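Undergrad: query.cif (mmCIF, C-alpha atoms, pLDDT in the B column; chains and numbers go by the auth columns) pasted underneath:
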data_target
loop_
_atom_site.group_PDB
_atom_site.id
_atom_site.type_symbol
_atom_site.label_atom_id
_atom_site.label_comp_id
_atom_site.label_asym_id
_atom_site.label_seq_id
_atom_site.Cartn_x
_atom_site.Cartn_y
_atom_site.Cartn_z
_atom_site.B_iso_or_equiv
_atom_site.auth_seq_id
_atom_site.auth_asym_id
ATOM 1 C CA MET A 1 0.000 0.000 0.000 60.00 1336 V
ATOM 2 C CA ASN A 2 1.314 3.467 -0.784 80.00 1337 V
ATOM 3 C CA ASN A 3 1.797 6.072 1.935 93.00 1338 V
ATOM 4 C CA SER A 4 -1.092 8.304 0.886 95.00 1339 V
ATOM 5 C CA PHE A 5 -2.695 8.793 4.333 95.00 1340 V
ATOM 6 C CA TYR A 6 -1.838 12.493 4.579 96.00 1341 V
ATOM 7 C CA ALA A 7 -2.688 13.186 0.940 95.00 1342 V
ATOM 8 C CA LEU A 8 -6.086 11.574 1.499 95.00 1343 V
ATOM 9 C CA ILE A 9 -6.733 13.692 4.609 95.00 1344 V
ATOM 10 C CA PHE A 10 -5.862 16.821 2.646 95.00 1345 V
ATOM 11 C CA ARG A 11 -8.771 15.937 0.334 95.00 1346 V
ATOM 12 C CA GLN A 12 -11.132 17.104 3.090 95.00 1347 V
ATOM 13 C CA LYS A 13 -11.134 20.453 1.303 95.00 1348 V
ATOM 14 C CA TYR A 14 -13.145 18.822 -1.508 94.00 1349 V
ATOM 15 C CA ILE A 15 -15.860 17.357 0.735 93.00 1350 V
ATOM 16 C CA LYS A 16 -18.841 19.702 1.023 92.00 1351 V
ATOM 17 C CA ARG A 17 -20.968 19.746 4.158 90.00 1352 V
ATOM 18 C CA TRP A 18 -24.715 20.346 4.508 88.00 1353 V
ATOM 19 C CA GLY A 19 -25.542 18.518 1.265 84.00 1354 V
ATOM 20 C CA LEU A 20 -29.330 18.598 1.715 83.00 1355 V
ATOM 21 C CA MET A 21 -29.411 22.322 2.482 86.00 1356 V
ATOM 22 C CA ARG A 22 -29.298 25.361 0.215 90.00 1357 V
ATOM 23 C CA ASN A 23 -26.156 27.166 1.364 91.00 1358 V
ATOM 24 C CA SER A 24 -25.362 30.829 0.823 91.00 1359 V
ATOM 25 C CA ARG A 25 -21.713 29.790 1.179 92.00 1360 V
ATOM 26 C CA ASP A 26 -20.333 26.276 0.884 92.00 1361 V
ATOM 27 C CA GLU A 27 -18.415 24.820 3.813 93.00 1362 V
ATOM 28 C CA SER A 28 -15.723 22.189 3.298 94.00 1363 V
ATOM 29 C CA LEU A 29 -14.877 19.390 5.683 95.00 1364 V
ATOM 30 C CA ALA A 30 -11.378 20.874 6.146 96.00 1365 V
ATOM 31 C CA GLU A 31 -12.873 24.211 7.184 97.00 1366 V
ATOM 32 C CA HIS A 32 -15.208 22.439 9.595 96.00 1367 V
ATOM 33 C CA ALA A 33 -12.338 20.450 11.147 97.00 1368 V
ATOM 34 C CA SER A 34 -10.362 23.650 11.710 98.00 1369 V
ATOM 35 C CA GLU A 35 -13.301 25.443 13.328 98.00 1370 V
ATOM 36 C CA THR A 36 -14.148 22.418 15.476 98.00 1371 V
ATOM 37 C CA ALA A 37 -10.527 22.309 16.685 98.00 1372 V
ATOM 38 C CA ILE A 38 -10.643 26.016 17.629 98.00 1373 V
ATOM 39 C CA LEU A 39 -13.927 25.499 19.471 98.00 1374 V
ATOM 40 C CA THR A 40 -12.561 22.405 21.233 98.00 1375 V
ATOM 41 C CA HIS A 41 -9.619 24.495 22.400 98.00 1376 V
ATOM 42 C CA ALA A 42 -12.062 27.115 23.686 98.00 1377 V
ATOM 43 C CA LEU A 43 -14.125 24.538 25.588 98.00 1378 V
ATOM 44 C CA CYS A 44 -11.019 22.987 27.163 98.00 1379 V
ATOM 45 C CA THR A 45 -9.702 26.410 28.167 98.00 1380 V
ATOM 46 C CA ILE A 46 -13.076 27.422 29.634 98.00 1381 V
ATOM 47 C CA GLY A 47 -13.267 24.137 31.553 98.00 1382 V
ATOM 48 C CA ASN A 48 -9.728 24.450 32.858 98.00 1383 V
ATOM 49 C CA LYS A 49 -9.995 28.140 33.840 98.00 1384 V
ATOM 50 C CA TYR A 50 -13.575 28.413 35.117 98.00 1385 V
ATOM 51 C CA PHE A 51 -14.645 24.930 36.175 98.00 1386 V
ATOM 52 C CA GLY A 52 -11.519 23.434 37.726 97.00 1387 V
ATOM 53 C CA LYS A 53 -11.036 20.802 35.020 98.00 1388 V
ATOM 54 C CA SER A 54 -7.681 19.496 33.883 98.00 1389 V
ATOM 55 C CA TYR A 55 -8.415 18.735 30.245 98.00 1390 V
ATOM 56 C CA ASP A 56 -5.528 17.726 27.986 98.00 1391 V
ATOM 57 C CA THR A 57 -6.153 20.550 25.529 98.00 1392 V
ATOM 58 C CA GLU A 58 -3.534 19.433 23.018 98.00 1393 V
ATOM 59 C CA ARG A 59 -5.029 15.938 22.775 97.00 1394 V
ATOM 60 C CA ALA A 60 -8.577 17.290 22.548 97.00 1395 V
ATOM 61 C CA VAL A 61 -7.653 19.671 19.721 98.00 1396 V
ATOM 62 C CA THR A 62 -5.892 16.849 17.884 97.00 1397 V
ATOM 63 C CA LEU A 63 -8.982 14.636 18.234 97.00 1398 V
ATOM 64 C CA ALA A 64 -11.067 17.486 16.826 97.00 1399 V
ATOM 65 C CA LEU A 65 -8.795 17.903 13.808 97.00 1400 V
ATOM 66 C CA PHE A 66 -9.264 14.231 12.964 96.00 1401 V
ATOM 67 C CA HIS A 67 -12.904 13.773 14.061 94.00 1402 V
ATOM 68 C CA ASP A 68 -14.388 13.585 10.544 92.00 1403 V
ATOM 69 C CA THR A 69 -11.414 12.418 8.457 93.00 1404 V
ATOM 70 C CA CYS A 70 -13.162 9.169 7.493 91.00 1405 V
ATOM 71 C CA GLU A 71 -15.535 11.314 5.464 90.00 1406 V
ATOM 72 C CA VAL A 72 -12.892 11.483 2.723 91.00 1407 V
ATOM 73 C CA TYR A 73 -14.324 8.029 1.923 88.00 1408 V
ATOM 74 C CA THR A 74 -17.913 8.309 3.111 83.00 1409 V
ATOM 75 C CA GLY A 75 -18.684 11.930 2.283 77.00 1410 V
ATOM 76 C CA ASP A 76 -20.743 14.011 4.692 75.00 1411 V
ATOM 77 C CA LEU A 77 -23.873 11.978 5.261 69.00 1412 V
ATOM 78 C CA PRO A 78 -26.669 14.364 6.290 68.00 1413 V
ATOM 79 C CA THR A 79 -27.750 14.052 9.936 70.00 1414 V
ATOM 80 C CA PRO A 80 -31.400 13.207 9.147 66.00 1415 V
ATOM 81 C CA ILE A 81 -30.189 10.190 7.178 69.00 1416 V
ATOM 82 C CA LYS A 82 -27.399 9.168 9.572 70.00 1417 V
ATOM 83 C CA TYR A 83 -29.776 9.108 12.559 70.00 1418 V
ATOM 84 C CA PHE A 84 -32.965 8.066 10.758 73.00 1419 V
ATOM 85 C CA SER A 85 -33.171 4.833 12.765 82.00 1420 V
ATOM 86 C CA SER A 86 -31.049 2.814 15.159 84.00 1421 V
ATOM 87 C CA GLU A 87 -30.351 0.371 12.330 85.00 1422 V
ATOM 88 C CA MET A 88 -29.180 3.209 10.084 80.00 1423 V
ATOM 89 C CA ARG A 89 -26.982 4.618 12.877 81.00 1424 V
ATOM 90 C CA ASP A 90 -25.423 1.174 13.519 82.00 1425 V
ATOM 91 C CA ASN A 91 -24.810 0.601 9.808 82.00 1426 V
ATOM 92 C CA TYR A 92 -23.172 4.004 9.466 75.00 1427 V
ATOM 93 C CA LYS A 93 -20.907 3.227 12.455 83.00 1428 V
ATOM 94 C CA MET A 94 -19.752 0.111 10.594 86.00 1429 V
ATOM 95 C CA ILE A 95 -19.147 2.140 7.429 87.00 1430 V
ATOM 96 C CA GLU A 96 -17.089 4.655 9.453 86.00 1431 V
ATOM 97 C CA LYS A 97 -15.082 1.812 11.019 89.00 1432 V
ATOM 98 C CA ASN A 98 -14.318 0.372 7.572 90.00 1433 V
ATOM 99 C CA ALA A 99 -13.374 3.821 6.265 91.00 1434 V
ATOM 100 C CA ALA A 100 -10.998 4.311 9.229 92.00 1435 V
ATOM 101 C CA GLU A 101 -9.351 0.945 8.603 93.00 1436 V
ATOM 102 C CA THR A 102 -8.938 1.780 4.918 93.00 1437 V
ATOM 103 C CA LEU A 103 -7.479 5.180 5.725 94.00 1438 V
ATOM 104 C CA LEU A 104 -5.054 3.655 8.257 95.00 1439 V
ATOM 105 C CA SER A 105 -3.936 1.093 5.672 95.00 1440 V
ATOM 106 C CA HIS A 106 -2.325 3.995 3.795 96.00 1441 V
ATOM 107 C CA LEU A 107 0.189 4.510 6.624 96.00 1442 V
ATOM 108 C CA PRO A 108 3.347 2.572 7.457 95.00 1443 V
ATOM 109 C CA GLU A 109 2.568 -0.103 10.041 94.00 1444 V
ATOM 110 C CA GLU A 110 4.609 1.688 12.745 95.00 1445 V
ATOM 111 C CA LEU A 111 2.443 4.842 12.566 95.00 1446 V
ATOM 112 C CA ARG A 112 -0.957 3.172 12.521 95.00 1447 V
ATOM 113 C CA PRO A 113 -1.477 2.852 16.306 94.00 1448 V
ATOM 114 C CA ASP A 114 -0.908 6.592 16.773 94.00 1449 V
ATOM 115 C CA TYR A 115 -3.577 7.481 14.242 95.00 1450 V
ATOM 116 C CA SER A 116 -5.945 4.646 15.074 94.00 1451 V
ATOM 117 C CA ALA A 117 -6.483 6.232 18.485 90.00 1452 V
ATOM 118 C CA LEU A 118 -7.419 9.497 16.736 93.00 1453 V
ATOM 119 C CA LEU A 119 -9.800 8.022 14.178 91.00 1454 V
ATOM 120 C CA ASP A 120 -11.653 5.897 16.722 84.00 1455 V
ATOM 121 C CA SER A 121 -11.959 8.152 19.758 77.00 1456 V
ATOM 122 C CA ASP A 122 -15.563 7.566 20.856 81.00 1457 V
ATOM 123 C CA ASP A 123 -14.333 6.000 24.110 85.00 1458 V
ATOM 124 C CA ASP A 124 -11.929 8.844 24.868 90.00 1459 V
ATOM 125 C CA PRO A 125 -13.217 11.044 27.739 92.00 1460 V
ATOM 126 C CA LEU A 126 -12.396 14.113 25.606 97.00 1461 V
ATOM 127 C CA HIS A 127 -14.763 12.922 22.877 95.00 1462 V
ATOM 128 C CA ARG A 128 -17.665 14.667 24.619 96.00 1463 V
ATOM 129 C CA LEU A 129 -15.910 18.045 24.309 97.00 1464 V
ATOM 130 C CA VAL A 130 -15.169 17.427 20.635 97.00 1465 V
ATOM 131 C CA LYS A 131 -18.820 16.478 20.076 96.00 1466 V
ATOM 132 C CA ALA A 132 -19.937 19.716 21.755 98.00 1467 V
ATOM 133 C CA ALA A 133 -17.479 21.714 19.650 98.00 1468 V
ATOM 134 C CA ASP A 134 -18.800 19.937 16.543 97.00 1469 V
ATOM 135 C CA LYS A 135 -22.334 21.012 17.481 97.00 1470 V
ATOM 136 C CA LEU A 136 -21.149 24.569 18.187 98.00 1471 V
ATOM 137 C CA ALA A 137 -19.553 24.710 14.746 98.00 1472 V
ATOM 138 C CA ALA A 138 -22.862 23.585 13.214 96.00 1473 V
ATOM 139 C CA LEU A 139 -24.737 26.178 15.269 98.00 1474 V
ATOM 140 C CA ILE A 140 -22.389 28.935 14.116 98.00 1475 V
ATOM 141 C CA LYS A 141 -22.889 27.823 10.484 97.00 1476 V
ATOM 142 C CA CYS A 142 -26.661 28.123 11.017 96.00 1477 V
ATOM 143 C CA ILE A 143 -26.266 31.627 12.484 97.00 1478 V
ATOM 144 C CA GLU A 144 -24.064 32.703 9.573 96.00 1479 V
ATOM 145 C CA GLU A 145 -26.563 31.361 7.045 96.00 1480 V
ATOM 146 C CA GLU A 146 -29.434 33.188 8.765 95.00 1481 V
ATOM 147 C CA LYS A 147 -27.358 36.394 8.824 94.00 1482 V
ATOM 148 C CA SER A 148 -26.971 36.107 5.062 94.00 1483 V
ATOM 149 C CA GLY A 149 -30.767 35.947 4.686 95.00 1484 V
ATOM 150 C CA ASN A 150 -31.035 32.191 4.236 95.00 1485 V
ATOM 151 C CA PRO A 151 -33.967 30.822 6.295 94.00 1486 V
ATOM 152 C CA GLU A 152 -33.078 27.253 5.242 93.00 1487 V
ATOM 153 C CA PHE A 153 -31.049 26.764 8.437 94.00 1488 V
ATOM 154 C CA SER A 154 -33.638 27.957 10.992 94.00 1489 V
ATOM 155 C CA ALA A 155 -34.890 24.511 11.980 93.00 1490 V
ATOM 156 C CA ALA A 156 -31.339 23.127 12.067 93.00 1491 V
ATOM 157 C CA LYS A 157 -30.333 26.021 14.328 95.00 1492 V
ATOM 158 C CA SER A 158 -33.115 25.256 16.822 96.00 1493 V
ATOM 159 C CA ALA A 159 -32.433 21.511 16.794 94.00 1494 V
ATOM 160 C CA THR A 160 -28.680 22.016 17.209 95.00 1495 V
ATOM 161 C CA LEU A 161 -29.120 24.484 20.069 96.00 1496 V
ATOM 162 C CA LYS A 162 -31.435 22.028 21.835 96.00 1497 V
ATOM 163 C CA SER A 163 -29.050 19.133 21.254 95.00 1498 V
ATOM 164 C CA LEU A 164 -26.175 21.197 22.656 96.00 1499 V
ATOM 165 C CA SER A 165 -28.227 22.215 25.683 96.00 1500 V
ATOM 166 C CA ASP A 166 -29.233 18.578 26.258 97.00 1501 V
ATOM 167 C CA MET A 167 -25.546 17.676 26.587 97.00 1502 V
ATOM 168 C CA LYS A 168 -25.513 19.584 29.900 97.00 1503 V
ATOM 169 C CA LEU A 169 -21.867 20.488 29.446 97.00 1504 V
ATOM 170 C CA LEU A 170 -20.867 23.497 31.539 98.00 1505 V
ATOM 171 C CA GLU A 171 -18.187 24.574 29.081 98.00 1506 V
ATOM 172 C CA ALA A 172 -20.590 24.585 26.136 98.00 1507 V
ATOM 173 C CA ASP A 173 -23.277 26.417 28.120 98.00 1508 V
ATOM 174 C CA TYR A 174 -20.701 29.045 29.100 98.00 1509 V
ATOM 175 C CA PHE A 175 -19.603 29.460 25.463 98.00 1510 V
ATOM 176 C CA VAL A 176 -23.211 29.820 24.280 98.00 1511 V
ATOM 177 C CA LYS A 177 -23.942 32.452 26.920 98.00 1512 V
ATOM 178 C CA HIS A 178 -20.746 34.492 26.672 98.00 1513 V
ATOM 179 C CA PHE A 179 -19.313 34.015 23.171 98.00 1514 V
ATOM 180 C CA LEU A 180 -22.041 32.828 20.790 97.00 1515 V
ATOM 181 C CA PRO A 181 -23.900 36.192 20.664 96.00 1516 V
ATOM 182 C CA ALA A 182 -20.892 37.796 18.928 96.00 1517 V
ATOM 183 C CA PHE A 183 -21.435 35.539 15.915 96.00 1518 V
ATOM 184 C CA SER A 184 -24.658 37.465 15.179 94.00 1519 V
ATOM 185 C CA LEU A 185 -22.838 40.805 15.058 94.00 1520 V
ATOM 186 C CA THR A 186 -21.469 42.632 12.052 90.00 1521 V
ATOM 187 C CA LEU A 187 -17.720 43.238 11.813 92.00 1522 V
ATOM 188 C CA ASP A 188 -18.168 46.881 12.883 93.00 1523 V
ATOM 189 C CA GLU A 189 -20.246 45.793 15.897 93.00 1524 V
ATOM 190 C CA MET A 190 -17.595 43.223 16.883 92.00 1525 V
ATOM 191 C CA GLN A 191 -14.900 45.889 16.913 91.00 1526 V
ATOM 192 C CA SER A 192 -16.741 48.530 18.909 85.00 1527 V
#
Output the file's structure as structure tokens, nothing else.
TA:
Amino acid sequence: MNNSFYALIFRQKYIKRWGLMRNSRDESLAEHASETAILTHALCTIGNKYFGKSYDTERAVTLALFHDTCEVYTGDLPTPIKYFSSEMRDNYKMIEKNAAETLLSHLPEELRPDYSALLDSDDDPLHRLVKAADKLAALIKCIEEEKSGNPEFSAAKSATLKSLSDMKLLEADYFVKHFLPAFSLTLDEMQS
């Protein structure tokens, strides 16, 4: 097998998100991974500074960077399809597992364990923070779409906000209360 692991991951820039929605601006998987990593860093920092946590921020950010890399093979399956039924969810988990194994097969054997732990991190205690950051990134996308006059994302915004609230994660609640409102501002309002 050739060593194309990194080249494959760099193809995230070609994977478009929100395939069922009319977008005022397309979002790539690479862009989403970057934003999710920034938001994961924010949640870890908030937890460590305000809630007495001792999150491994570097590991959490790394998990966030790799959280959707299998989608270079699967594409971005829309949430309503992915979670349509428990059978569909289980089948998609198997597809993701196969995609991860295929992706890892493009690495030298010695490097595979290091990346395997990143591609299959559901059992990692930091996974919950990455999941919250993933939802925050989706929420911010919805806000940006609404700001551009696109009502297509209104229902997704409400559902994502509820899902994030249901996580009952102090760090995410703090971010929503203190930082999320700025995403509705114009550039001039942000700077005043």
Undergrad: Residues near V:Thr1392, anyone? I mean within 8 Å using only C-alpha atoms, not counting same-chain ones fewer than 5 positions away, as a list in words.
TA: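 The filter keeps Thr1375, His1376, Cys1379 and Thr1380 of chain V.
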Undergrad: Export C-alpha atoms of the chosen residues as a PDB file, in the frame of the given file?
TA:
ATOM      1  CA  THR V1375     -12.561  22.405  21.233  1.00 98.00           C
ATOM      2  CA  HIS V1376      -9.619  24.495  22.400  1.00 98.00           C
ATOM      3  CA  CYS V1379     -11.019  22.987  27.163  1.00 98.00           C
ATOM      4  CA  THR V1380      -9.702  26.410  28.167  1.00 98.00           C
TER       5      THR V1380
END
Undergrad: Using all atoms listed in the file, which residues sit within 12 Å of V:Pro1443 once same-chain residues fewer than 5 positions away are excluded, as a list in words?
TA: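 The filter keeps Met1336, Asn1337, Asn1338, Ser1339, Phe1340, Tyr1341, Leu1438, Pro1448, Asp1449 and Tyr1450 of chain V.
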Undergrad: Rank nothing, just name the residue among V:Ser1500, V:Ile1475, V:Pro1460, V:Ser1420 nearest to V:Phe1488, using only C-alpha atoms.
TA: V:Ile1475
Undergrad: What is the distance, in Å and to one decimal place, between atom CA of V:Thr1371 and atom CA of V:Leu1446?
TA: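 Between atom CA of V:Thr1371 and atom CA of V:Leu1446 the gap is 24.3 Å.
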Undergrad: Could you jot down the atom CA of V:Lys1492 to atom CA of V:Leu1474 separation for me, Å, one decimal place?
TA: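 A separation of 5.7 Å between them.
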Undergrad: Have a look at atom CA of V:Val1465 and atom CA of V:Leu1439 and let me know their distance in Å, one decimal.
TA: 21.1 Å
Undergrad: What's around stretch 1396-1402 of chain V at 9 Å? Count only C-alpha atoms, leave out sequence neighbours fewer than 4 positions away in its own chain, and write the answer as a list in words.
TA: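 Close residues of stretch 1396-1402 of chain V: Ile1344, Ala1365, His1367, Ala1368, Ser1369, Glu1370, Thr1371, Ala1372, Ile1373, Leu1374, Thr1375, His1376, Cys1379, Asp1391, Thr1392, Tyr1450, Ala1452, Leu1453, Leu1454, Asp1455, Ser1456, Leu1461, His1462, Leu1464, Val1465, Lys1466, Ala1468 and Asp1469 of chain V.
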Undergrad: Considering all atoms listed in the file, state which residue in the set V:Asn1358, V:Cys1477, V:Phe1386, V:Lys1428 is at the smallest distance from V:Ala1490.
TA: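 Distance minimum relative to V:Ala1490 lands on V:Cys1477.
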Undergrad: Using the chain letters and numbers from the file, give me the residues hit by the PyMOL selection byres ((chain V and resi 1510) around 10), as a list in words.
TA: Leu1374, Ala1377, Leu1378, Ile1381, Ala1468, Leu1471, Leu1505, Glu1506, Ala1507, Asp1508, Tyr1509, Val1511, Lys1512, His1513, Phe1514, Leu1515 and Pro1516 of chain V
Undergrad: Keeping C-alpha atoms, export the residues of the selection given above as an mmCIF file, in the coordinates of the input.
TA:
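Output below, filename out23.cif:
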data_model
loop_
_atom_site.group_PDB
_atom_site.id
_atom_site.type_symbol
_atom_site.label_atom_id
_atom_site.label_comp_id
_atom_site.auth_asym_id
_atom_site.auth_seq_id
_atom_site.Cartn_x
_atom_site.Cartn_y
_atom_site.Cartn_z
ATOM 1 C CA LEU V 1374 -13.927 25.499 19.471
ATOM 2 C CA ALA V 1377 -12.062 27.115 23.686
ATOM 3 C CA LEU V 1378 -14.125 24.538 25.588
ATOM 4 C CA ILE V 1381 -13.076 27.422 29.634
ATOM 5 C CA ALA V 1468 -17.479 21.714 19.650
ATOM 6 C CA LEU V 1471 -21.149 24.569 18.187
ATOM 7 C CA LEU V 1505 -20.867 23.497 31.539
ATOM 8 C CA GLU V 1506 -18.187 24.574 29.081
ATOM 9 C CA ALA V 1507 -20.590 24.585 26.136
ATOM 10 C CA ASP V 1508 -23.277 26.417 28.120
ATOM 11 C CA TYR V 1509 -20.701 29.045 29.100
ATOM 12 C CA VAL V 1511 -23.211 29.820 24.280
ATOM 13 C CA LYS V 1512 -23.942 32.452 26.920
ATOM 14 C CA HIS V 1513 -20.746 34.492 26.672
ATOM 15 C CA PHE V 1514 -19.313 34.015 23.171
ATOM 16 C CA LEU V 1515 -22.041 32.828 20.790
ATOM 17 C CA PRO V 1516 -23.900 36.192 20.664
#
Undergrad: Which neighbours of V:Arg1346 fall inside 10 Å, counting only C-alpha atoms, when residues of the same chain fewer than 5 positions from it are skipped, and could you give them as a list in words?
TA: Tyr1341, Ser1363, Leu1364, Ala1365, Thr1404, Glu1406, Val1407 and Tyr1408 of chain V
Undergrad: Measuring atom to atom with all atoms listed in the file, identify which of V:Asp1403, V:Ala1473, V:His1441, V:Gly1410 is nearest to V:Tyr1349.
TA: V:Gly1410
Undergrad: Between V:Leu1496, V:Arg1463, V:Glu1487, V:Ala1395, which residue has the minimum interatomic distance to V:Leu1355, considering all atoms listed in the file?
TA: V:Glu1487
